[in-house]
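Data file: input.cif. Format and content: mmCIF, C-alpha atoms.
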data_query
#
loop_
_atom_site.label_atom_id
_atom_site.label_comp_id
_atom_site.auth_asym_id
_atom_site.auth_seq_id
_atom_site.Cartn_x
_atom_site.Cartn_y
_atom_site.Cartn_z
CA MET A 873 62.23 -26.38 68.35
CA LYS A 874 65.25 -24.35 69.51
CA ARG A 875 67.62 -22.12 67.55
CA ILE A 876 71.25 -22.85 68.35
CA LEU A 877 74.15 -20.71 67.13
CA ILE A 878 77.71 -22.05 66.89
CA VAL A 879 80.33 -19.31 66.77
CA ASP A 880 83.87 -20.52 66.01
CA ASP A 881 86.40 -19.63 63.33
CA SER A 882 87.58 -23.26 63.20
CA GLU A 883 85.63 -25.26 60.63
CA LEU A 884 86.77 -28.45 62.36
CA MET A 885 85.36 -27.37 65.74
CA CYS A 886 82.12 -26.25 64.10
CA GLU A 887 81.72 -29.70 62.56
CA VAL A 888 82.57 -31.45 65.85
CA ILE A 889 79.96 -29.37 67.69
CA ARG A 890 77.36 -29.93 64.97
CA GLY A 891 78.04 -33.66 65.23
CA ALA A 892 77.39 -33.59 68.96
CA LEU A 893 74.15 -31.65 68.52
CA ARG A 894 72.80 -34.31 66.16
CA GLY A 895 72.17 -36.34 69.31
CA LEU A 896 69.46 -33.97 70.55
CA GLU A 897 66.08 -35.58 71.05
CA GLU A 898 64.13 -33.15 68.88
CA ASP A 899 64.67 -31.19 65.68
CA ASN A 900 66.44 -27.88 66.16
CA VAL A 901 67.72 -25.19 63.83
CA ILE A 902 71.50 -24.96 64.01
CA PHE A 903 73.28 -21.90 62.65
CA VAL A 904 77.03 -21.63 62.17
CA ALA A 905 78.96 -18.35 62.26
CA THR A 906 82.69 -18.39 61.49
CA ASN A 907 83.21 -14.96 63.00
CA PRO A 908 81.40 -12.68 65.48
CA LEU A 909 80.10 -10.29 62.83
CA ILE A 910 78.19 -13.11 61.15
CA ALA A 911 76.96 -14.19 64.58
CA ILE A 912 75.59 -10.73 65.35
CA ARG A 913 73.82 -10.59 61.99
CA LYS A 914 72.18 -13.98 62.56
CA ALA A 915 71.19 -13.00 66.10
CA ASN A 916 69.47 -9.89 64.73
CA LEU A 917 67.59 -11.97 62.16
CA PHE A 918 66.60 -14.91 64.35
CA LYS A 919 65.71 -15.44 68.00
CA ILE A 920 68.69 -17.43 69.26
CA ASP A 921 67.99 -19.69 72.23
CA LEU A 922 71.54 -20.90 72.79
CA ALA A 923 74.91 -19.68 71.52
CA LEU A 924 78.09 -21.74 71.82
CA ILE A 925 80.98 -19.29 71.66
CA ASP A 926 84.72 -19.57 71.19
CA TYR A 927 86.97 -16.81 72.56
CA GLU A 928 89.79 -16.27 70.06
CA MET A 929 88.09 -15.06 66.87
CA PRO A 930 88.57 -12.36 64.21
CA TYR A 931 87.13 -8.85 64.72
CA MET A 932 86.21 -9.29 68.38
CA ASN A 933 86.66 -11.80 71.18
CA GLY A 934 84.00 -13.98 72.77
CA ILE A 935 83.60 -11.73 75.81
CA LEU A 936 82.57 -8.77 73.69
CA LEU A 937 80.30 -11.00 71.65
CA ILE A 938 78.43 -12.01 74.82
CA ASP A 939 77.60 -8.34 75.41
CA TYR A 940 76.30 -7.94 71.85
CA LEU A 941 74.18 -11.09 71.96
CA LYS A 942 72.74 -10.20 75.38
CA ASP A 943 71.86 -6.71 74.11
CA ILE A 944 70.06 -8.21 71.12
CA ASN A 945 68.21 -10.81 73.22
CA PRO A 946 68.74 -11.01 77.00
CA LEU A 947 67.14 -14.49 76.99
CA THR A 948 69.86 -16.00 74.80
CA LYS A 949 71.80 -18.59 76.80
CA ILE A 950 75.58 -18.55 76.36
CA LEU A 951 77.84 -21.62 76.60
CA MET A 952 81.56 -20.82 76.36
CA VAL A 953 83.87 -23.28 74.62
CA SER A 954 86.98 -22.69 76.71
CA ALA A 955 90.68 -23.48 76.42
CA TYR A 956 92.25 -25.61 79.15
CA THR A 957 94.96 -23.05 79.95
CA GLU A 958 95.57 -20.37 82.58
CA PRO A 959 94.56 -17.54 80.18
CA GLY A 960 91.58 -19.67 79.16
CA ALA A 961 90.56 -19.98 82.80
CA GLN A 962 90.70 -16.21 83.37
CA ILE A 963 88.67 -15.61 80.22
CA THR A 964 86.08 -18.21 81.19
CA LEU A 965 85.58 -16.66 84.63
CA GLU A 966 85.07 -13.28 83.00
CA ALA A 967 82.58 -14.83 80.56
CA LEU A 968 80.60 -16.34 83.44
CA ASN A 969 80.58 -12.97 85.16
CA ARG A 970 79.35 -11.32 81.95
CA GLY A 971 76.39 -13.63 81.51
CA ALA A 972 77.53 -17.02 80.19
CA ILE A 973 75.54 -19.75 81.90
CA ASP A 974 78.20 -22.46 81.63
CA TYR A 975 81.35 -23.54 79.82
CA ILE A 976 82.93 -26.65 78.33
CA LEU A 977 86.61 -27.34 77.77
CA LYS A 978 87.85 -27.73 74.21
CA PRO A 979 89.31 -31.12 73.33
CA ALA A 980 93.12 -30.99 73.35
CA ASN A 981 93.38 -33.51 70.49
CA LYS A 982 91.28 -35.77 68.27
CA ASP A 983 91.37 -38.56 70.88
CA GLU A 984 89.24 -36.36 73.14
CA PHE A 985 86.57 -35.55 70.54
CA ASN A 986 84.17 -38.31 71.56
CA GLU A 987 84.30 -37.38 75.26
CA PHE A 988 83.89 -33.70 74.34
CA LYS A 989 80.82 -34.44 72.22
CA LYS A 990 79.28 -36.53 74.99
CA ASP A 991 79.81 -33.81 77.61
CA LEU A 992 78.61 -31.09 75.25
CA LEU A 993 75.43 -32.96 74.42
CA GLU A 994 74.64 -33.41 78.12
CA LYS A 995 75.14 -29.71 78.85
CA VAL A 996 73.11 -28.56 75.84
CA LYS A 997 70.26 -30.93 76.69
CA GLY A 998 70.16 -29.53 80.20
CA ILE A 999 70.12 -25.97 78.96
CA ILE A 1000 67.65 -26.11 76.08
CA PHE A 1001 65.25 -28.47 77.81
CA GLN A 1002 65.65 -26.47 81.05
CA LYS A 1003 66.35 -29.52 83.19
CA ASP A 1004 67.03 -27.97 86.59
CA TYR A 1005 68.13 -24.72 84.93
CA ALA A 1006 66.45 -21.65 86.38
CA PHE A 1007 68.32 -19.09 84.22
CA VAL A 1008 68.66 -16.51 86.96
CA ASN A 1009 70.02 -13.24 85.63
CA ILE A 1010 73.01 -12.50 87.87
CA LYS A 1011 73.50 -8.75 87.82
CA ARG A 1012 77.04 -7.67 87.03
CA THR A 1013 78.57 -5.69 89.87
CA THR A 1014 80.34 -2.46 89.10
CA THR A 1015 83.42 -1.21 90.92
CA SER A 1016 81.45 1.52 92.66
CA GLU A 1017 78.83 -0.96 93.84
CA LYS A 1018 81.52 -3.22 95.29
CA SER A 1019 82.83 -0.41 97.45
CA GLU A 1020 79.46 0.26 99.01
CA LYS A 1021 78.10 -1.63 102.00
CA LYS A 1022 75.43 -4.05 100.85
CA VAL A 1023 72.31 -4.42 102.97
CA PHE A 1024 69.84 -7.11 101.96
CA PRO A 1025 66.27 -7.25 103.28
CA VAL A 1026 65.48 -10.10 105.63
CA THR A 1027 62.69 -12.25 104.23
CA CYS A 1028 60.52 -14.89 105.80
CA GLY A 1029 63.14 -17.63 105.25
CA ILE A 1030 65.27 -16.13 108.02
CA ASP A 1031 62.58 -14.40 110.06
CA ASN A 1032 60.83 -17.65 110.94
CA ASN A 1033 64.00 -19.20 112.44
CA ARG A 1034 66.13 -16.12 113.07
CA SER A 1035 67.48 -16.78 116.57
CA HIS A 1036 67.93 -20.51 115.97
CA LEU A 1037 69.88 -20.07 112.73
CA ILE A 1038 72.04 -17.25 114.03
CA ASN A 1039 72.92 -19.16 117.19
CA LYS A 1040 73.88 -22.29 115.22
CA LEU A 1041 75.98 -20.22 112.84
CA LYS A 1042 77.75 -18.50 115.74
CA GLU A 1043 78.70 -21.91 117.11
CA SER A 1044 80.26 -22.91 113.79
CA LYS A 1045 84.03 -23.19 113.55
CA VAL A 1046 83.89 -23.63 109.79
CA ILE A 1047 81.56 -23.09 106.82
CA ALA A 1048 81.64 -25.61 103.97
CA ILE A 1049 80.17 -24.62 100.58
CA GLY A 1050 79.46 -27.02 97.72
CA ILE A 1051 78.71 -25.34 94.39
CA SER A 1052 78.93 -26.02 90.66
CA THR A 1053 77.31 -24.60 87.51
CA GLY A 1054 76.63 -20.89 87.95
CA GLY A 1055 78.89 -20.80 90.99
CA PRO A 1056 81.64 -18.22 90.36
CA PRO A 1057 79.35 -15.15 90.14
CA VAL A 1058 77.44 -16.34 93.22
CA LEU A 1059 80.65 -16.83 95.22
CA GLU A 1060 81.79 -13.38 94.11
CA LYS A 1061 78.52 -11.88 95.27
CA ILE A 1062 78.73 -13.57 98.67
CA PHE A 1063 82.39 -12.83 99.38
CA THR A 1064 82.20 -9.18 98.30
CA SER A 1065 79.16 -8.73 100.57
CA LEU A 1066 80.58 -10.23 103.77
CA ASN A 1067 81.38 -7.94 106.67
CA LYS A 1068 85.05 -7.00 106.73
CA ASP A 1069 85.45 -8.59 110.16
CA PHE A 1070 83.83 -11.91 109.15
CA SER A 1071 86.19 -14.48 110.65
CA ILE A 1072 84.75 -18.00 110.26
CA PRO A 1073 86.97 -19.94 107.82
CA ILE A 1074 85.20 -21.04 104.64
CA LEU A 1075 86.00 -24.17 102.60
CA VAL A 1076 84.64 -24.23 99.05
CA VAL A 1077 84.28 -27.04 96.55
CA GLN A 1078 83.55 -25.48 93.15
CA HIS A 1079 83.45 -28.05 90.35
CA MET A 1080 86.26 -26.89 88.07
CA PRO A 1081 89.48 -28.27 86.54
CA PRO A 1082 92.87 -27.48 88.18
CA THR A 1083 93.89 -24.34 86.29
CA PHE A 1084 90.45 -22.85 86.75
CA THR A 1085 90.31 -23.16 90.54
CA LYS A 1086 93.60 -21.29 90.95
CA ALA A 1087 92.32 -18.53 88.67
CA LEU A 1088 89.03 -18.46 90.58
CA ALA A 1089 90.78 -18.06 93.94
CA GLU A 1090 92.93 -15.22 92.58
CA ARG A 1091 89.93 -13.44 91.09
CA LEU A 1092 87.82 -13.78 94.25
CA SER A 1093 90.68 -12.55 96.42
CA LYS A 1094 91.06 -9.47 94.23
CA VAL A 1095 87.40 -8.50 93.95
CA ALA A 1096 86.46 -9.37 97.55
CA GLN A 1097 89.61 -7.82 99.02
CA ARG A 1098 90.01 -10.64 101.50
CA GLN A 1099 92.23 -13.71 101.71
CA VAL A 1100 90.97 -16.30 99.22
CA LYS A 1101 93.40 -19.03 98.20
CA GLU A 1102 93.60 -22.41 96.55
CA ALA A 1103 93.85 -24.93 99.38
CA GLU A 1104 97.20 -26.61 100.10
CA ASP A 1105 97.67 -30.01 101.69
CA ARG A 1106 98.28 -30.03 105.46
CA GLU A 1107 97.97 -26.27 105.92
CA LYS A 1108 96.33 -25.11 109.13
CA ILE A 1109 92.81 -23.76 108.71
CA GLU A 1110 92.92 -20.13 109.85
CA ASN A 1111 90.12 -17.75 110.80
CA GLY A 1112 89.11 -15.28 108.11
CA VAL A 1113 90.56 -17.32 105.24
CA ILE A 1114 88.56 -18.75 102.33
CA TYR A 1115 89.96 -21.98 100.87
CA ILE A 1116 89.05 -23.09 97.33
CA ALA A 1117 89.40 -26.81 96.56
CA LYS A 1118 92.05 -27.53 93.95
CA GLY A 1119 90.60 -28.91 90.73
CA GLY A 1120 91.35 -32.59 90.21
CA THR A 1121 91.86 -33.18 93.97
CA HIS A 1122 89.34 -33.87 96.72
CA LEU A 1123 89.26 -31.42 99.64
CA ALA A 1124 88.90 -32.76 103.17
CA VAL A 1125 89.83 -31.75 106.72
CA GLU A 1126 91.35 -33.43 109.74
CA LYS A 1127 91.90 -32.52 113.39
CA ILE A 1128 95.29 -32.96 115.04
CA LEU A 1129 95.96 -31.94 118.66
CA GLY A 1130 92.92 -29.68 118.72
CA LYS A 1131 93.74 -27.85 115.47
CA TYR A 1132 92.14 -28.29 112.05
CA TYR A 1133 94.08 -28.86 108.84
CA VAL A 1134 93.37 -29.08 105.11
CA ARG A 1135 93.85 -32.44 103.42
CA LEU A 1136 94.03 -32.90 99.66
CA LEU A 1137 93.15 -36.43 98.55
CA ASP A 1138 94.70 -37.40 95.21
CA ASN A 1139 94.29 -41.15 95.52
CA ILE A 1140 90.48 -41.22 95.64
CA GLU A 1141 88.59 -41.53 92.36
CA LYS A 1142 85.83 -39.19 91.26
CA VAL A 1143 82.72 -39.14 93.43
CA ASN A 1144 79.44 -38.41 91.64
CA ASN A 1145 81.65 -37.89 88.58
CA HIS A 1146 83.43 -34.99 90.29
CA LYS A 1147 86.91 -34.39 91.69
CA PRO A 1148 86.80 -32.38 93.90
CA SER A 1149 83.49 -33.62 95.25
CA CYS A 1150 81.17 -31.73 97.59
CA ASP A 1151 80.28 -35.03 99.27
CA ILE A 1152 83.90 -35.62 100.28
CA LEU A 1153 84.16 -32.15 101.85
CA PHE A 1154 80.80 -32.30 103.65
CA SER A 1155 81.44 -35.83 104.98
CA SER A 1156 84.87 -34.84 106.25
CA VAL A 1157 83.49 -31.73 107.96
CA ALA A 1158 80.74 -33.84 109.54
CA GLU A 1159 83.35 -36.25 110.93
CA TRP A 1160 85.78 -33.71 112.37
CA TYR A 1161 83.64 -30.66 113.22
CA GLY A 1162 80.36 -32.36 114.15
CA GLU A 1163 77.72 -29.86 115.22
CA ASN A 1164 80.18 -26.95 115.14
CA ALA A 1165 79.86 -26.39 111.40
CA THR A 1166 77.62 -24.97 108.70
CA GLY A 1167 77.13 -26.61 105.31
CA ILE A 1168 75.71 -24.76 102.31
CA ILE A 1169 74.81 -26.47 99.03
CA MET A 1170 74.31 -24.13 96.12
CA THR A 1171 73.64 -23.89 92.39
CA GLY A 1172 74.78 -26.86 90.31
CA MET A 1173 73.71 -29.76 88.13
CA GLY A 1174 73.45 -33.29 89.50
CA SER A 1175 73.38 -34.68 93.03
CA ASP A 1176 76.87 -34.12 94.41
CA GLY A 1177 76.81 -32.93 98.01
CA ALA A 1178 73.40 -34.22 99.09
CA ASN A 1179 74.72 -37.28 100.96
CA GLY A 1180 77.53 -35.39 102.66
CA LEU A 1181 75.21 -32.55 103.68
CA PHE A 1182 72.86 -35.12 105.18
CA GLU A 1183 75.77 -36.49 107.23
CA MET A 1184 76.44 -32.96 108.50
CA LYS A 1185 72.80 -32.55 109.47
CA LYS A 1186 72.81 -35.85 111.38
CA GLN A 1187 75.81 -34.60 113.36
CA GLY A 1188 73.86 -31.47 114.37
CA ALA A 1189 75.47 -28.99 111.97
CA LEU A 1190 73.48 -26.18 110.36
CA THR A 1191 72.66 -27.16 106.77
CA ILE A 1192 71.41 -24.73 104.13
CA ALA A 1193 70.25 -25.19 100.54
CA GLN A 1194 70.06 -22.36 98.04
CA SER A 1195 66.53 -21.55 96.87
CA LYS A 1196 65.38 -22.51 93.39
CA GLU A 1197 64.57 -18.90 92.50
CA SER A 1198 68.15 -17.78 93.12
CA CYS A 1199 69.90 -20.77 91.48
CA VAL A 1200 71.22 -20.88 87.94
CA VAL A 1201 70.85 -24.66 88.15
CA PHE A 1202 68.69 -26.12 90.91
CA GLY A 1203 69.91 -29.73 90.62
CA MET A 1204 72.24 -30.09 93.61
CA PRO A 1205 70.08 -28.11 96.09
CA ARG A 1206 66.95 -29.87 94.85
CA VAL A 1207 68.38 -33.34 95.54
CA ALA A 1208 69.60 -32.23 98.98
CA ILE A 1209 66.18 -30.80 99.85
CA GLU A 1210 64.37 -33.94 98.66
CA LYS A 1211 66.73 -36.08 100.75
CA GLY A 1212 65.96 -34.02 103.84
CA ALA A 1213 69.58 -32.84 104.14
CA ALA A 1214 68.78 -29.12 104.30
CA GLU A 1215 67.54 -27.62 107.54
CA VAL A 1216 66.57 -24.39 105.79
CA VAL A 1217 66.24 -23.12 102.21
CA LEU A 1218 67.45 -19.56 101.58
CA SER A 1219 68.10 -17.24 98.66
CA VAL A 1220 71.61 -15.90 98.05
CA GLU A 1221 70.61 -12.58 99.66
CA GLU A 1222 69.24 -14.39 102.73
CA ILE A 1223 72.43 -16.44 103.01
CA ILE A 1224 74.51 -13.26 102.90
CA ASP A 1225 72.26 -11.60 105.49
CA LEU A 1226 72.55 -14.62 107.79
CA LEU A 1227 76.35 -14.75 107.49
CA ASN A 1228 76.59 -11.06 108.32
CA ARG A 1229 74.68 -11.54 111.60
CA VAL A 1230 77.59 -13.42 113.19
#
Go through the file and emit its structure as structure tokens.
Amino acid sequence: MKRILIVDDSELMCEVIRGALRGLEEDNVIFVATNPLIAIRKANLFKIDLALIDYEMPYMNGILLIDYLKDINPLTKILMVSAYTEPGAQITLEALNRGAIDYILKPANKDEFNEFKKDLLEKVKGIIFQKDYAFVNIKRTTTSEKSEKKVFPVTCGIDNNRSHLINKLKESKVIAIGISTGGPPVLEKIFTSLNKDFSIPILVVQHMPPTFTKALAERLSKVAQRQVKEAEDREKIENGVIYIAKGGTHLAVEKILGKYYVRLLDNIEKVNNHKPSCDILFSSVAEWYGENATGIIMTGMGSDGANGLFEMKKQGALTIAQSKESCVVFGMPRVAIEKGAAEVVLSVEEIIDLLNRV
């Protein structure tokens, strides 16, 4: 039995969320708090396993409430109920950086309630029954820590294949990353830790809606102090630039007269229930870059990316899966590993160390 806390000042949203949670496969205790002060009191009285939090509330916002709930019980999982707006995207990214494990978009109208409840139920089931969730505690990085050079110890994952992996990475003309749940803090950690002269272009598919990917690119560019941008159709892929796939559009590449370009594919439906899809990116990189590429599949629920990463491996590219211990959700890397698509399995720190050896 799990204790779930709903925190929202809208009685209608509380009832919609409660309705979705009735679909859970076992009995759970569900608490409702119509403001953060009530939520804090309930969290002090009961061990809360999962809290579903709105942002705009009386007395304090959802970001501050995350801090309070984590101080009361660091094991409490946080799911943000986010607005589908630009400010909502910025807030959600901050919530993920502060310790929220995932988010779900609020329904814009009553017609979207059923789809919202279905998606919410799937996320909550995954979290409370720990299906592929590892619940890694991603340490928040302070400003002073970001300014310091990060040096990570090399562990056996790299030591056993050091020369081989480094040589294959050095031959890469591009790095493709597929990532989902738990991704933004991991991407922030990687990009802030890269050597300043790191020049291999990076293409990233992070499962997010359109407004969120633009906000993500802006945030990563600011904190990493390097060029991170939302990808644009037909732009030339330049060294040293990190391209984030636009939400709602597949990201691919093509080669014209010896140069590589970004392609955004609007006319292709969702793949593995995602748009952008990691499979589309990996398959495209396999086709146009062949062995001169590196593919990395990271934290996320589901199976997106496994097939495309396998195509990259068959073409001779270096393929990496994030280790279970360092994932928030091990689903995507797990499927890729089971399929034989990953040449090596590394932690986030090992991935950073490898990238910085180029």
**OP:** Compare A:Glu1163, A:Asp991, A:Glu1210, A:Glu1104 by their minimum atom-to-atom distance to Lys1086 (chain A), counting all atoms listed in the file, and give me the closest one.
**Re:**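 Ranking A:Glu1163, A:Asp991, A:Glu1210, A:Glu1104 by distance to Lys1086 (chain A), first place goes to A:Glu1104.
When only C-alpha atoms are used to compute distances to Val1058 (chain A), the closest of the residues A:Val1220, A:Val1095, A:Met1080, A:Ala1117 turns out to be A:Val1220.
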Original post:
Counting only C-alpha atoms, which of A:Ile912, A:Leu936, A:Arg875, A:Pro930 gets nearest to Asn900 (chain A)?
Top reply: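 Closest to Asn900 (chain A) of all the choices is A:Arg875.
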Subject >> Selection near Ser1156 (chain A), 8 Å with all atoms listed in the file, sequence-local residues under 5 positions removed, as a VMD selection string >> reply: chain A and resid 1124 to 1126
**OP:** Please identify all polymer residues within 12 Å of Asn1145 (chain A), counting only C-alpha atoms, omitting same-chain residues fewer than 4 positions from it, and present them as an MDAnalysis selection string.
**Re:** chainID A and resid 991 1079:1080 1120 1122 1140:1141 1149:1151 1173:1177
Once the PyMOL selection byres ((chain A and resi 1182) around 9) has been applied to the shown file, what residues remain in the selection, as a PDB file with C-alpha atoms, keeping the file's coordinate frame?
ATOM      1  CA  PHE A1154      80.800 -32.300 103.650  1.00  0.00           C
ATOM      2  CA  SER A1155      81.440 -35.830 104.980  1.00  0.00           C
ATOM      3  CA  GLY A1177      76.810 -32.930  98.010  1.00  0.00           C
ATOM      4  CA  ALA A1178      73.400 -34.220  99.090  1.00  0.00           C
ATOM      5  CA  ASN A1179      74.720 -37.280 100.960  1.00  0.00           C
ATOM      6  CA  GLY A1180      77.530 -35.390 102.660  1.00  0.00           C
ATOM      7  CA  LEU A1181      75.210 -32.550 103.680  1.00  0.00           C
ATOM      8  CA  GLU A1183      75.770 -36.490 107.230  1.00  0.00           C
ATOM      9  CA  MET A1184      76.440 -32.960 108.500  1.00  0.00           C
ATOM     10  CA  LYS A1185      72.800 -32.550 109.470  1.00  0.00           C
ATOM     11  CA  LYS A1186      72.810 -35.850 111.380  1.00  0.00           C
ATOM     12  CA  GLN A1187      75.810 -34.600 113.360  1.00  0.00           C
ATOM     13  CA  THR A1191      72.660 -27.160 106.770  1.00  0.00           C
ATOM     14  CA  ALA A1208      69.600 -32.230  98.980  1.00  0.00           C
ATOM     15  CA  LYS A1211      66.730 -36.080 100.750  1.00  0.00           C
ATOM     16  CA  GLY A1212      65.960 -34.020 103.840  1.00  0.00           C
ATOM     17  CA  ALA A1213      69.580 -32.840 104.140  1.00  0.00           C
ATOM     18  CA  ALA A1214      68.780 -29.120 104.300  1.00  0.00           C
TER      19      ALA A1214
END
Subject >> Selection dump of the PyMOL selection byres ((chain A and resi 922) around 9), as a ChimeraX atom specification >> reply: /A:874-878,920-921,923-924,947-951,996,999-1000
For the selection just defined, write its residues with C-alpha atoms to a file, as a compact mmCIF listing (two decimals), keeping the file's coordinate frame.
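Output saved as out28.txt:
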# COMPACT_ATOMS: atom_id res chain seq x y z
CA LYS A 874 65.25 -24.35 69.51
CA ARG A 875 67.62 -22.12 67.55
CA ILE A 876 71.25 -22.85 68.35
CA LEU A 877 74.15 -20.71 67.13
CA ILE A 878 77.71 -22.05 66.89
CA ILE A 920 68.69 -17.43 69.26
CA ASP A 921 67.99 -19.69 72.23
CA ALA A 923 74.91 -19.68 71.52
CA LEU A 924 78.09 -21.74 71.82
CA LEU A 947 67.14 -14.49 76.99
CA THR A 948 69.86 -16.00 74.80
CA LYS A 949 71.80 -18.59 76.80
CA ILE A 950 75.58 -18.55 76.36
CA LEU A 951 77.84 -21.62 76.60
CA VAL A 996 73.11 -28.56 75.84
CA ILE A 999 70.12 -25.97 78.96
CA ILE A 1000 67.65 -26.11 76.08
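Taking only C-alpha atoms into account, the polymer residues that have an atom no farther than 9 Å from (81.3, -16.3, 61.7) are Ile878, Val879, Asp880, Asp881, Val904, Ala905, Thr906, Asn907, Pro908, Leu909, Ile910, Ala911, Ile912, Met929 and Pro930 of chain A.
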Subject >> Interatomic distance, CA of Pro1082 (chain A) to CA of Lys995 (chain A) (Å, one decimal) >> reply: 20.2 Å
Subject >> Resolved residues for the PyMOL selection byres ((chain A and resi 956) around 12) as a VMD selection string >> reply: chain A and resid 953 to 955 957 to 964 975 to 981 1080 to 1085 1087
Original post:
Of the residues A:Glu1197, A:Asp1069, A:Asp943, A:Glu1221, which is the one nearest to Gln1099 (chain A), using all atoms listed in the file?
Top reply: A:Asp1069
Subject >> Best match for closeness to Arg894 (chain A) among A:Phe918, A:Tyr1133, A:Asp974, A:Leu993, counting only C-alpha atoms >> reply: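 Answer, going by the shortest atom-to-atom distance: A:Leu993.
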Original post:
Taking only C-alpha atoms into account, which of A:Ala972, A:Val1216, A:Lys1101, A:Arg1034 comes nearest Ala1089 (chain A)?
Top reply: A:Lys1101
Adding 6 Å on each side of the box along x, y and z that holds all listed atoms of region 897-908 of chain A, could you give its centre and edge lengths in Å to one decimal, as AutoDock Vina command-line options?
--center_x 73.7 --center_y -24.1 --center_z 66.3 --size_x 31.1 --size_y 34.9 --size_z 21.6
**OP:** Grab the CA of Val1100 (chain A) to CA of Ile1114 (chain A) distance for me, in Å with one decimal place.
**Re:**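 Calculated distance between CA of Val1100 (chain A) and CA of Ile1114 (chain A) is 4.6 Å.
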**OP:** Determine, counting all atoms listed in the file, which protein, DNA and RNA residues have an atom within 12 Å of an atom of Phe985 (chain A); residues of the same chain fewer than 2 positions away are not included. Present the result as a VMD selection string.
**Re:** chain A and resid 884 to 885 887 to 889 891 to 892 977 to 983 987 to 992
Subject >> All residues 9 Å or closer to Lys1108 (chain A), all atoms listed in the file, same chain fewer than 6 positions away omitted, as a PyMOL selection string >> reply: chain A and resi 1131-1134
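If you look at CA of Glu883 (chain A) and CA of Val901 (chain A), they are 18.2 Å away from each other.
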Subject >> Residue neighbourhood Ile1049 (chain A), 6 Å, all atoms listed in the file, exclusion window fewer than 2 positions, as a PyMOL selection string >> reply: chain A and resi 1076+1167-1169
